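Dumped model_3.cif below, it's mmCIF, C-alpha atoms, pLDDT in the B column; chains and numbers go by the auth columns:
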```cif
data_model
loop_
_atom_site.group_PDB
_atom_site.id
_atom_site.type_symbol
_atom_site.label_atom_id
_atom_site.label_comp_id
_atom_site.label_asym_id
_atom_site.label_seq_id
_atom_site.Cartn_x
_atom_site.Cartn_y
_atom_site.Cartn_z
_atom_site.B_iso_or_equiv
_atom_site.auth_seq_id
_atom_site.auth_asym_id
ATOM 1 C CA MET A 1 -14.543 16.606 94.718 46.00 1 A
ATOM 2 C CA THR A 2 -12.649 14.787 91.948 45.00 2 A
ATOM 3 C CA ASP A 3 -12.763 15.804 88.282 43.00 3 A
ATOM 4 C CA HIS A 4 -14.878 12.746 87.544 46.00 4 A
ATOM 5 C CA GLN A 5 -17.383 13.653 90.268 44.00 5 A
ATOM 6 C CA LEU A 6 -17.514 17.264 89.080 41.00 6 A
ATOM 7 C CA SER A 7 -18.217 16.196 85.486 48.00 7 A
ATOM 8 C CA ALA A 8 -20.939 13.869 86.725 46.00 8 A
ATOM 9 C CA ALA A 9 -22.489 16.685 88.748 46.00 9 A
ATOM 10 C CA VAL A 10 -22.476 19.003 85.731 42.00 10 A
ATOM 11 C CA ALA A 11 -24.128 16.355 83.568 48.00 11 A
ATOM 12 C CA SER A 12 -26.713 15.654 86.257 45.00 12 A
ATOM 13 C CA ALA A 13 -27.505 19.343 86.618 45.00 13 A
ATOM 14 C CA ARG A 14 -27.872 19.696 82.900 45.00 14 A
ATOM 15 C CA ARG A 15 -30.281 16.757 82.678 41.00 15 A
ATOM 16 C CA SER A 16 -32.282 17.813 85.728 41.00 16 A
ATOM 17 C CA LEU A 17 -32.725 21.392 84.638 44.00 17 A
ATOM 18 C CA SER A 18 -33.858 21.030 81.058 43.00 18 A
ATOM 19 C CA VAL A 19 -35.998 24.130 80.732 42.00 19 A
ATOM 20 C CA SER A 20 -39.513 23.609 79.476 37.00 20 A
ATOM 21 C CA ALA A 21 -42.483 25.896 79.166 35.00 21 A
ATOM 22 C CA VAL A 22 -44.512 23.570 81.359 33.00 22 A
ATOM 23 C CA GLN A 23 -42.001 23.909 84.196 39.00 23 A
ATOM 24 C CA TRP A 24 -41.708 27.669 83.948 37.00 24 A
ATOM 25 C CA SER A 25 -45.274 28.784 83.378 37.00 25 A
ATOM 26 C CA SER A 26 -48.792 27.473 83.155 34.00 26 A
ATOM 27 C CA VAL A 27 -49.586 30.166 80.585 39.00 27 A
ATOM 28 C CA GLY A 28 -48.657 28.659 77.211 42.00 28 A
ATOM 29 C CA ASN A 29 -48.354 30.136 73.739 43.00 29 A
ATOM 30 C CA ASP A 30 -49.744 27.139 71.904 46.00 30 A
ATOM 31 C CA ASN A 31 -53.060 28.897 71.365 45.00 31 A
ATOM 32 C CA TYR A 32 -51.487 31.749 69.417 44.00 32 A
ATOM 33 C CA SER A 33 -54.123 32.854 66.895 44.00 33 A
ATOM 34 C CA PRO A 34 -54.984 35.799 64.612 38.00 34 A
ATOM 35 C CA PHE A 35 -57.148 37.212 67.431 40.00 35 A
ATOM 36 C CA ASP A 36 -54.133 37.249 69.700 53.00 36 A
ATOM 37 C CA THR A 37 -52.160 39.756 67.636 56.00 37 A
ATOM 38 C CA MET A 38 -51.060 43.314 68.228 55.00 38 A
ATOM 39 C CA ASP A 39 -53.892 44.392 65.903 56.00 39 A
ATOM 40 C CA GLY A 40 -56.443 42.257 67.756 61.00 40 A
ATOM 41 C CA LEU A 41 -59.348 43.548 69.819 63.00 41 A
ATOM 42 C CA VAL A 42 -57.548 43.331 73.175 62.00 42 A
ATOM 43 C CA TYR A 43 -54.553 45.359 72.030 61.00 43 A
ATOM 44 C CA ARG A 44 -56.677 47.906 70.152 62.00 44 A
ATOM 45 C CA LEU A 45 -58.654 48.484 73.350 65.00 45 A
ATOM 46 C CA ARG A 46 -55.437 48.901 75.327 60.00 46 A
ATOM 47 C CA ARG A 47 -54.203 51.516 72.867 58.00 47 A
ATOM 48 C CA TRP A 48 -57.631 53.222 72.949 62.00 48 A
ATOM 49 C CA PHE A 49 -57.297 53.645 76.721 64.00 49 A
ATOM 50 C CA GLY A 50 -53.733 54.925 76.428 58.00 50 A
ATOM 51 C CA TYR A 51 -51.791 51.718 77.103 59.00 51 A
ATOM 52 C CA THR A 52 -48.957 51.190 74.650 48.00 52 A
ATOM 53 C CA THR A 53 -47.387 47.964 75.856 62.00 53 A
ATOM 54 C CA ILE A 54 -48.337 44.313 75.841 76.00 54 A
ATOM 55 C CA PRO A 55 -49.220 43.204 79.395 78.00 55 A
ATOM 56 C CA ARG A 56 -46.233 41.816 81.266 78.00 56 A
ATOM 57 C CA TYR A 57 -48.087 38.564 81.990 82.00 57 A
ATOM 58 C CA ARG A 58 -48.359 38.058 78.219 84.00 58 A
ATOM 59 C CA LEU A 59 -44.601 38.459 77.747 90.00 59 A
ATOM 60 C CA HIS A 60 -43.652 36.045 80.542 91.00 60 A
ATOM 61 C CA PRO A 61 -44.338 32.827 78.577 93.00 61 A
ATOM 62 C CA THR A 62 -42.618 34.357 75.546 95.00 62 A
ATOM 63 C CA SER A 63 -39.491 34.899 77.652 96.00 63 A
ATOM 64 C CA VAL A 64 -39.609 31.241 78.693 96.00 64 A
ATOM 65 C CA TYR A 65 -39.487 30.045 75.094 96.00 65 A
ATOM 66 C CA LEU A 66 -36.750 32.515 74.181 97.00 66 A
ATOM 67 C CA TYR A 67 -34.573 31.476 77.098 97.00 67 A
ATOM 68 C CA GLU A 68 -35.268 27.820 76.367 96.00 68 A
ATOM 69 C CA ALA A 69 -33.837 28.361 72.875 97.00 69 A
ATOM 70 C CA CYS A 70 -30.687 29.821 74.448 97.00 70 A
ATOM 71 C CA SER A 71 -30.133 27.185 77.112 95.00 71 A
ATOM 72 C CA ASP A 72 -31.609 23.915 75.823 94.00 72 A
ATOM 73 C CA GLY A 73 -32.010 24.749 72.145 95.00 73 A
ATOM 74 C CA ILE A 74 -28.309 24.592 71.336 95.00 74 A
ATOM 75 C CA PRO A 75 -26.015 21.527 71.261 95.00 75 A
ATOM 76 C CA ILE A 76 -23.752 22.715 74.058 95.00 76 A
ATOM 77 C CA GLU A 77 -21.424 19.705 73.694 95.00 77 A
ATOM 78 C CA LYS A 78 -20.655 20.739 70.104 96.00 78 A
ATOM 79 C CA PHE A 79 -19.611 24.183 71.264 97.00 79 A
ATOM 80 C CA PHE A 80 -17.349 22.637 73.889 96.00 80 A
ATOM 81 C CA ALA A 81 -15.780 20.287 71.343 95.00 81 A
ATOM 82 C CA GLU A 82 -15.411 22.663 68.385 95.00 82 A
ATOM 83 C CA LEU A 83 -14.168 25.632 70.413 96.00 83 A
ATOM 84 C CA ARG A 84 -12.010 23.554 72.787 95.00 84 A
ATOM 85 C CA LEU A 85 -13.894 24.809 75.846 96.00 85 A
ATOM 86 C CA THR A 86 -13.690 22.916 79.123 94.00 86 A
ATOM 87 C CA ASP A 87 -16.861 21.118 80.189 94.00 87 A
ATOM 88 C CA THR A 88 -17.626 23.274 83.250 94.00 88 A
ATOM 89 C CA TYR A 89 -20.450 25.360 84.668 94.00 89 A
ATOM 90 C CA LEU A 90 -18.627 28.537 83.635 95.00 90 A
ATOM 91 C CA SER A 91 -18.274 27.378 80.020 96.00 91 A
ATOM 92 C CA TRP A 92 -21.983 26.540 79.934 96.00 92 A
ATOM 93 C CA PHE A 93 -22.757 30.019 81.263 96.00 93 A
ATOM 94 C CA LEU A 94 -20.476 31.745 78.746 97.00 94 A
ATOM 95 C CA VAL A 95 -22.074 29.990 75.769 97.00 95 A
ATOM 96 C CA THR A 96 -25.597 30.466 77.109 97.00 96 A
ATOM 97 C CA GLN A 97 -25.135 34.160 77.849 97.00 97 A
ATOM 98 C CA LEU A 98 -23.867 34.697 74.294 98.00 98 A
ATOM 99 C CA HIS A 99 -27.142 33.342 72.924 98.00 99 A
ATOM 100 C CA VAL A 100 -29.132 35.309 75.496 98.00 100 A
ATOM 101 C CA TRP A 101 -27.336 38.465 74.346 98.00 101 A
ATOM 102 C CA MET A 102 -28.332 37.787 70.737 98.00 102 A
ATOM 103 C CA CYS A 103 -31.967 37.480 71.834 97.00 103 A
ATOM 104 C CA LEU A 104 -31.633 40.720 73.800 97.00 104 A
ATOM 105 C CA VAL A 105 -30.370 42.497 70.684 97.00 105 A
ATOM 106 C CA ARG A 106 -33.523 41.383 68.873 97.00 106 A
ATOM 107 C CA CYS A 107 -35.665 42.479 71.819 96.00 107 A
ATOM 108 C CA MET A 108 -34.184 45.963 71.779 94.00 108 A
ATOM 109 C CA SER A 109 -35.320 46.443 68.177 93.00 109 A
ATOM 110 C CA ALA A 110 -38.943 45.755 69.186 91.00 110 A
ATOM 111 C CA GLY A 111 -39.728 49.033 70.937 87.00 111 A
ATOM 112 C CA GLN A 112 -41.020 49.423 74.483 86.00 112 A
ATOM 113 C CA GLU A 113 -42.497 45.911 74.540 88.00 113 A
ATOM 114 C CA GLY A 114 -39.103 44.556 73.533 92.00 114 A
ATOM 115 C CA ARG A 115 -37.399 46.269 76.468 92.00 115 A
ATOM 116 C CA VAL A 116 -39.882 44.679 78.872 91.00 116 A
ATOM 117 C CA LEU A 117 -39.315 41.304 77.208 94.00 117 A
ATOM 118 C CA ARG A 118 -35.544 41.805 77.512 95.00 118 A
ATOM 119 C CA ASN A 119 -35.866 42.109 81.280 95.00 119 A
ATOM 120 C CA GLU A 120 -38.072 39.019 81.429 95.00 120 A
ATOM 121 C CA VAL A 121 -35.532 36.944 79.476 97.00 121 A
ATOM 122 C CA VAL A 122 -32.717 38.047 81.785 97.00 122 A
ATOM 123 C CA ALA A 123 -34.853 37.120 84.802 96.00 123 A
ATOM 124 C CA ARG A 124 -35.384 33.617 83.365 96.00 124 A
ATOM 125 C CA MET A 125 -31.620 33.265 82.898 97.00 125 A
ATOM 126 C CA TRP A 126 -30.789 34.151 86.511 96.00 126 A
ATOM 127 C CA ASP A 127 -33.498 31.822 87.829 95.00 127 A
ATOM 128 C CA ASP A 128 -31.964 28.984 85.835 96.00 128 A
ATOM 129 C CA CYS A 129 -28.397 29.851 86.826 95.00 129 A
ATOM 130 C CA GLN A 130 -29.290 29.757 90.506 93.00 130 A
ATOM 131 C CA SER A 131 -31.079 26.427 90.169 92.00 131 A
ATOM 132 C CA ARG A 132 -28.175 24.827 88.311 92.00 132 A
ATOM 133 C CA LEU A 133 -25.664 26.204 90.800 90.00 133 A
ATOM 134 C CA LYS A 134 -27.575 24.638 93.694 89.00 134 A
ATOM 135 C CA LEU A 135 -27.371 21.218 92.010 89.00 135 A
ATOM 136 C CA LEU A 136 -23.742 21.524 90.968 85.00 136 A
ATOM 137 C CA ALA A 137 -22.088 21.079 94.354 80.00 137 A
ATOM 138 C CA PRO A 138 -22.802 21.637 98.059 84.00 138 A
ATOM 139 C CA MET A 139 -22.067 25.229 99.076 86.00 139 A
ATOM 140 C CA THR A 140 -23.187 27.756 101.634 89.00 140 A
ATOM 141 C CA SER A 141 -25.639 30.517 100.798 88.00 141 A
ATOM 142 C CA LYS A 142 -22.815 33.033 101.120 90.00 142 A
ATOM 143 C CA VAL A 143 -20.619 31.234 98.596 91.00 143 A
ATOM 144 C CA ARG A 144 -23.559 30.816 96.210 90.00 144 A
ATOM 145 C CA ARG A 145 -24.381 34.508 96.502 91.00 145 A
ATOM 146 C CA GLN A 146 -20.771 35.458 95.818 93.00 146 A
ATOM 147 C CA SER A 147 -20.721 33.164 92.786 92.00 147 A
ATOM 148 C CA MET A 148 -23.895 34.765 91.429 94.00 148 A
ATOM 149 C CA ASP A 149 -22.392 38.227 91.984 94.00 149 A
ATOM 150 C CA GLN A 150 -19.360 37.213 89.926 94.00 150 A
ATOM 151 C CA LEU A 151 -21.598 35.903 87.138 95.00 151 A
ATOM 152 C CA LEU A 152 -23.571 39.147 87.198 94.00 152 A
ATOM 153 C CA GLN A 153 -20.406 41.212 86.827 94.00 153 A
ATOM 154 C CA GLN A 154 -19.290 38.962 83.983 94.00 154 A
ATOM 155 C CA PHE A 155 -22.683 39.307 82.293 96.00 155 A
ATOM 156 C CA GLN A 156 -22.654 43.096 82.530 95.00 156 A
ATOM 157 C CA ALA A 157 -19.148 43.256 81.061 95.00 157 A
ATOM 158 C CA MET A 158 -20.227 40.887 78.285 96.00 158 A
ATOM 159 C CA ILE A 159 -23.146 43.118 77.314 96.00 159 A
ATOM 160 C CA VAL A 160 -20.867 46.142 76.902 96.00 160 A
ATOM 161 C CA ALA A 161 -18.174 44.199 75.028 97.00 161 A
ATOM 162 C CA TYR A 162 -20.503 42.440 72.579 97.00 162 A
ATOM 163 C CA ASP A 163 -22.563 45.589 71.971 97.00 163 A
ATOM 164 C CA GLU A 164 -19.403 47.481 71.101 96.00 164 A
ATOM 165 C CA GLY A 165 -18.333 44.716 68.727 96.00 165 A
ATOM 166 C CA LEU A 166 -21.739 44.623 67.077 96.00 166 A
ATOM 167 C CA LEU A 167 -21.790 48.381 66.534 95.00 167 A
ATOM 168 C CA THR A 168 -18.212 48.710 65.275 95.00 168 A
ATOM 169 C CA ASP A 169 -16.456 45.978 63.290 95.00 169 A
ATOM 170 C CA ASP A 170 -15.433 42.322 63.266 95.00 170 A
ATOM 171 C CA LYS A 171 -12.045 43.113 64.760 95.00 171 A
ATOM 172 C CA THR A 172 -13.672 44.609 67.856 97.00 172 A
ATOM 173 C CA LEU A 173 -16.120 41.701 68.060 97.00 173 A
ATOM 174 C CA CYS A 174 -13.202 39.260 67.874 96.00 174 A
ATOM 175 C CA ALA A 175 -11.539 41.031 70.787 96.00 175 A
ATOM 176 C CA ALA A 176 -14.779 40.860 72.785 97.00 176 A
ATOM 177 C CA LEU A 177 -15.089 37.128 72.118 97.00 177 A
ATOM 178 C CA TRP A 178 -11.492 36.488 73.127 96.00 178 A
ATOM 179 C CA ARG A 179 -11.952 38.349 76.427 95.00 179 A
ATOM 180 C CA THR A 180 -15.432 37.071 77.238 95.00 180 A
ATOM 181 C CA LEU A 181 -16.013 33.640 75.706 96.00 181 A
ATOM 182 C CA PHE A 182 -12.423 32.396 75.654 96.00 182 A
ATOM 183 C CA ILE A 183 -11.374 34.362 78.771 92.00 183 A
ATOM 184 C CA TYR A 184 -7.970 35.389 77.385 90.00 184 A
ATOM 185 C CA GLU A 185 -6.873 31.816 76.599 91.00 185 A
ATOM 186 C CA SER A 186 -4.458 31.037 73.774 90.00 186 A
ATOM 187 C CA ILE A 187 -6.741 29.823 70.976 92.00 187 A
ATOM 188 C CA ASP A 188 -6.803 29.105 67.260 93.00 188 A
ATOM 189 C CA PRO A 189 -7.762 32.323 65.414 94.00 189 A
ATOM 190 C CA LYS A 190 -10.082 30.216 63.276 95.00 190 A
ATOM 191 C CA HIS A 191 -12.301 29.816 66.331 96.00 191 A
ATOM 192 C CA LEU A 192 -12.714 33.583 66.537 96.00 192 A
ATOM 193 C CA GLU A 193 -13.525 33.795 62.832 96.00 193 A
ATOM 194 C CA LEU A 194 -16.046 30.980 63.211 97.00 194 A
ATOM 195 C CA MET A 195 -17.793 32.668 66.119 97.00 195 A
ATOM 196 C CA VAL A 196 -17.938 36.083 64.441 97.00 196 A
ATOM 197 C CA ASN A 197 -19.614 34.518 61.407 97.00 197 A
ATOM 198 C CA TYR A 198 -21.908 32.527 63.703 97.00 198 A
ATOM 199 C CA ILE A 199 -23.029 35.653 65.576 97.00 199 A
ATOM 200 C CA ARG A 200 -23.621 37.676 62.422 97.00 200 A
ATOM 201 C CA THR A 201 -25.578 34.803 60.868 97.00 201 A
ATOM 202 C CA GLN A 202 -27.797 34.236 63.898 97.00 202 A
ATOM 203 C CA LEU A 203 -28.506 37.939 64.426 97.00 203 A
ATOM 204 C CA ASP A 204 -29.572 38.264 60.796 97.00 204 A
ATOM 205 C CA HIS A 205 -31.773 35.207 61.300 97.00 205 A
ATOM 206 C CA LEU A 206 -33.404 36.650 64.427 97.00 206 A
ATOM 207 C CA HIS A 207 -34.279 39.849 62.582 96.00 207 A
ATOM 208 C CA THR A 208 -36.152 37.872 59.934 96.00 208 A
ATOM 209 C CA ILE A 209 -38.718 36.891 62.596 95.00 209 A
ATOM 210 C CA GLU A 210 -41.729 39.192 62.514 93.00 210 A
ATOM 211 C CA THR A 211 -41.809 41.439 65.568 91.00 211 A
ATOM 212 C CA GLU A 212 -45.384 40.469 66.416 88.00 212 A
ATOM 213 C CA LYS A 213 -44.567 36.755 66.424 90.00 213 A
ATOM 214 C CA PHE A 214 -41.342 37.355 68.337 93.00 214 A
ATOM 215 C CA LEU A 215 -43.194 39.219 71.110 92.00 215 A
ATOM 216 C CA LEU A 216 -46.311 37.075 71.347 89.00 216 A
ATOM 217 C CA ASN A 217 -44.953 33.616 70.576 91.00 217 A
ATOM 218 C CA GLY A 218 -41.223 33.391 71.190 92.00 218 A
ATOM 219 C CA LYS A 219 -40.744 29.958 69.661 94.00 219 A
ATOM 220 C CA PHE A 220 -37.892 29.726 67.172 95.00 220 A
ATOM 221 C CA VAL A 221 -34.889 27.609 66.238 95.00 221 A
ATOM 222 C CA TRP A 222 -31.424 28.872 65.446 97.00 222 A
ATOM 223 C CA LYS A 223 -30.266 28.880 61.847 96.00 223 A
ATOM 224 C CA PRO A 224 -28.203 25.809 60.883 96.00 224 A
ATOM 225 C CA PHE A 225 -24.518 26.648 61.083 96.00 225 A
ATOM 226 C CA PRO A 226 -22.238 23.599 60.838 93.00 226 A
ATOM 227 C CA PRO A 227 -20.223 22.538 62.721 92.00 227 A
ATOM 228 C CA LEU A 228 -21.808 24.333 65.697 93.00 228 A
ATOM 229 C CA TYR A 229 -25.509 23.935 64.977 88.00 229 A
ATOM 230 C CA PRO A 230 -27.418 21.692 64.780 83.00 230 A
#
```

Let me see whether you can do it: turn the structure in this file into structure tokens.
Amino acid sequence: MTDHQLSAAVASARRSLSVSAVQWSSVGNDNYSPFDTMDGLVYRLRRWFGYTTIPRYRLHPTSVYLYEACSDGIPIEKFFAELRLTDTYLSWFLVTQLHVWMCLVRCMSAGQEGRVLRNEVVARMWDDCQSRLKLLAPMTSKVRRQSMDQLLQQFQAMIVAYDEGLLTDDKTLCAALWRTLFIYESIDPKHLELMVNYIRTQLDHLHTIETEKFLLNGKFVWKPFPPLYP
């Protein structure tokens, strides 16, 4: 496959797999109302009978909207251009998983319900990755499975690296970005500084969203951060 054909396949996959709530789930969040809150009748009854978590079926549509913000809610071409990333499936995955990680950080601050939601968001990501990989290029099931295994290992390493950077200092976060997002390439240090500020800004923004709305609705937009977003 030539470079031109590969680029065309990537673009086609991206257009074909625009994630929408309608595609993922028939259970929407558009009817979010004061009754449908964690202090509403349904949730008070659940707590009365000893249940402490929001039903998993209620968190599924929320995870769809959160993942949609990570995959289709960012101008991926701007990230490629500004950070000098190659327009490939791997680059798309690296940028997307960064935004997924930021959502997971917010989930983990939302108690037991947040941990369940975290798992749902990750499940949405792997579903999407598999679908995009199938459209990218013809490959056997074995090769596709091996590719997914490699992405999984990369994702697990990313979680550890970014968590360490978040909990320590900007220097450690820079090192994590260089290893994970830029995969040890020679880059302009300004790109690392830009991404550290971007991550800190977006995490602060995510924590301004009320926990109840984050768990039961899931719709949000990233904070404007030129030149990366919008």

- List the residues selected by the PyMOL selection byres ((chain A and resi 159) around 12) in the file shown, writing them as a ChimeraX atom specification. /A:94,97-105,122,152-158,160-166,173,176-177,180-181

| query | Near A:Lys223, within 12 Å and counting all atoms listed in the file, which residues show up once chain neighbours fewer than 2 positions away are dropped, as an NGL selection string? | reply | :A and (69 or 73-74 or 198-209 or 220-221 or 225-230)

note - atom CA of A:Tyr89 and atom CA of A:Leu136 are separated by 8.1 Å

Could you spell out the hits of the PyMOL selection byres ((chain A and resi 66) around 10) on the shown file, as a list in words?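 Those residues are Pro61, Thr62, Ser63, Val64, Tyr65, Tyr67, Glu68, Ala69, Cys70, Ser71, Gly73, His99, Val100, Cys103, Leu104, Leu117, Arg118, Glu120, Val121, Arg124, Phe214, Leu215, Asn217, Gly218, Lys219, Phe220 and Val221 of chain A.
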
If you count only C-alpha atoms, the residue of A:Gln112, A:Thr96, A:Gln150, A:Thr172 closest to A:Asp72 turns out to be A:Thr96

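Running the PyMOL selection byres ((chain A and resi 56) around 9) on this file leaves Thr53, Ile54, Pro55, Tyr57, Arg58, Leu59, His60, Glu113, Val116, Leu117 and Glu120 of chain A selected.
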
From atom CA of A:Trp178 to atom CA of A:Leu192 the spacing works out at 7.3 Å

Give me the residues within 10 Å of A:Arg84 as a short mmCIF file (atom, residue, chain, number, x, y, z; two decimals) with C-alpha atoms, keeping the file's coordinate frame, counting only C-alpha atoms and dropping any in the same chain fewer than 2 places off.
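Output (selection26.cif):
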```
data_model
loop_
_atom_site.label_atom_id
_atom_site.label_comp_id
_atom_site.auth_asym_id
_atom_site.auth_seq_id
_atom_site.Cartn_x
_atom_site.Cartn_y
_atom_site.Cartn_z
CA LYS A 78 -20.66 20.74 70.10
CA PHE A 79 -19.61 24.18 71.26
CA PHE A 80 -17.35 22.64 73.89
CA ALA A 81 -15.78 20.29 71.34
CA GLU A 82 -15.41 22.66 68.39
CA THR A 86 -13.69 22.92 79.12
CA ASP A 87 -16.86 21.12 80.19
CA PHE A 182 -12.42 32.40 75.65
CA ILE A 187 -6.74 29.82 70.98
CA ASP A 188 -6.80 29.10 67.26
CA HIS A 191 -12.30 29.82 66.33
#
```

Take stretch 209-222 of chain A, model N, CA and C atoms, and hand the result over as a PDB file, in the frame of the given file.
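Result file is rebuild32.pdb:
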```
ATOM      1  N   ILE A 209     -37.485  37.263  61.888  1.00 95.00           N
ATOM      2  CA  ILE A 209     -38.718  36.891  62.596  1.00 95.00           C
ATOM      3  C   ILE A 209     -39.582  38.136  62.765  1.00 95.00           C
ATOM      4  N   GLU A 210     -40.833  38.056  62.375  1.00 93.00           N
ATOM      5  CA  GLU A 210     -41.729  39.192  62.514  1.00 93.00           C
ATOM      6  C   GLU A 210     -41.819  39.608  63.980  1.00 93.00           C
ATOM      7  N   THR A 211     -41.803  40.921  64.202  1.00 91.00           N
ATOM      8  CA  THR A 211     -41.809  41.439  65.568  1.00 91.00           C
ATOM      9  C   THR A 211     -43.016  40.945  66.351  1.00 91.00           C
ATOM     10  N   GLU A 212     -44.172  40.918  65.726  1.00 88.00           N
ATOM     11  CA  GLU A 212     -45.384  40.469  66.416  1.00 88.00           C
ATOM     12  C   GLU A 212     -45.251  39.038  66.899  1.00 88.00           C
ATOM     13  N   LYS A 213     -44.742  38.160  66.036  1.00 90.00           N
ATOM     14  CA  LYS A 213     -44.567  36.755  66.424  1.00 90.00           C
ATOM     15  C   LYS A 213     -43.484  36.626  67.483  1.00 90.00           C
ATOM     16  N   PHE A 214     -42.428  37.412  67.362  1.00 93.00           N
ATOM     17  CA  PHE A 214     -41.342  37.355  68.337  1.00 93.00           C
ATOM     18  C   PHE A 214     -41.843  37.724  69.727  1.00 93.00           C
ATOM     19  N   LEU A 215     -42.701  38.743  69.820  1.00 92.00           N
ATOM     20  CA  LEU A 215     -43.194  39.219  71.110  1.00 92.00           C
ATOM     21  C   LEU A 215     -44.273  38.327  71.695  1.00 92.00           C
ATOM     22  N   LEU A 216     -45.145  37.797  70.854  1.00 89.00           N
ATOM     23  CA  LEU A 216     -46.311  37.075  71.347  1.00 89.00           C
ATOM     24  C   LEU A 216     -46.151  35.563  71.349  1.00 89.00           C
ATOM     25  N   ASN A 217     -45.121  35.063  70.659  1.00 91.00           N
ATOM     26  CA  ASN A 217     -44.953  33.616  70.576  1.00 91.00           C
ATOM     27  C   ASN A 217     -43.634  33.181  71.175  1.00 91.00           C
ATOM     28  N   GLY A 218     -42.532  33.674  70.620  1.00 92.00           N
ATOM     29  CA  GLY A 218     -41.223  33.391  71.190  1.00 92.00           C
ATOM     30  C   GLY A 218     -40.594  32.080  70.793  1.00 92.00           C
ATOM     31  N   LYS A 219     -41.313  31.246  70.056  1.00 94.00           N
ATOM     32  CA  LYS A 219     -40.744  29.958  69.661  1.00 94.00           C
ATOM     33  C   LYS A 219     -39.948  30.120  68.362  1.00 94.00           C
ATOM     34  N   PHE A 220     -38.708  29.692  68.376  1.00 95.00           N
ATOM     35  CA  PHE A 220     -37.892  29.726  67.172  1.00 95.00           C
ATOM     36  C   PHE A 220     -36.747  28.740  67.321  1.00 95.00           C
ATOM     37  N   VAL A 221     -36.101  28.437  66.220  1.00 95.00           N
ATOM     38  CA  VAL A 221     -34.889  27.609  66.238  1.00 95.00           C
ATOM     39  C   VAL A 221     -33.778  28.421  65.583  1.00 95.00           C
ATOM     40  N   TRP A 222     -32.569  28.174  66.012  1.00 97.00           N
ATOM     41  CA  TRP A 222     -31.424  28.872  65.446  1.00 97.00           C
ATOM     42  C   TRP A 222     -31.180  28.392  64.023  1.00 97.00           C
TER      43      TRP A 222
END
```
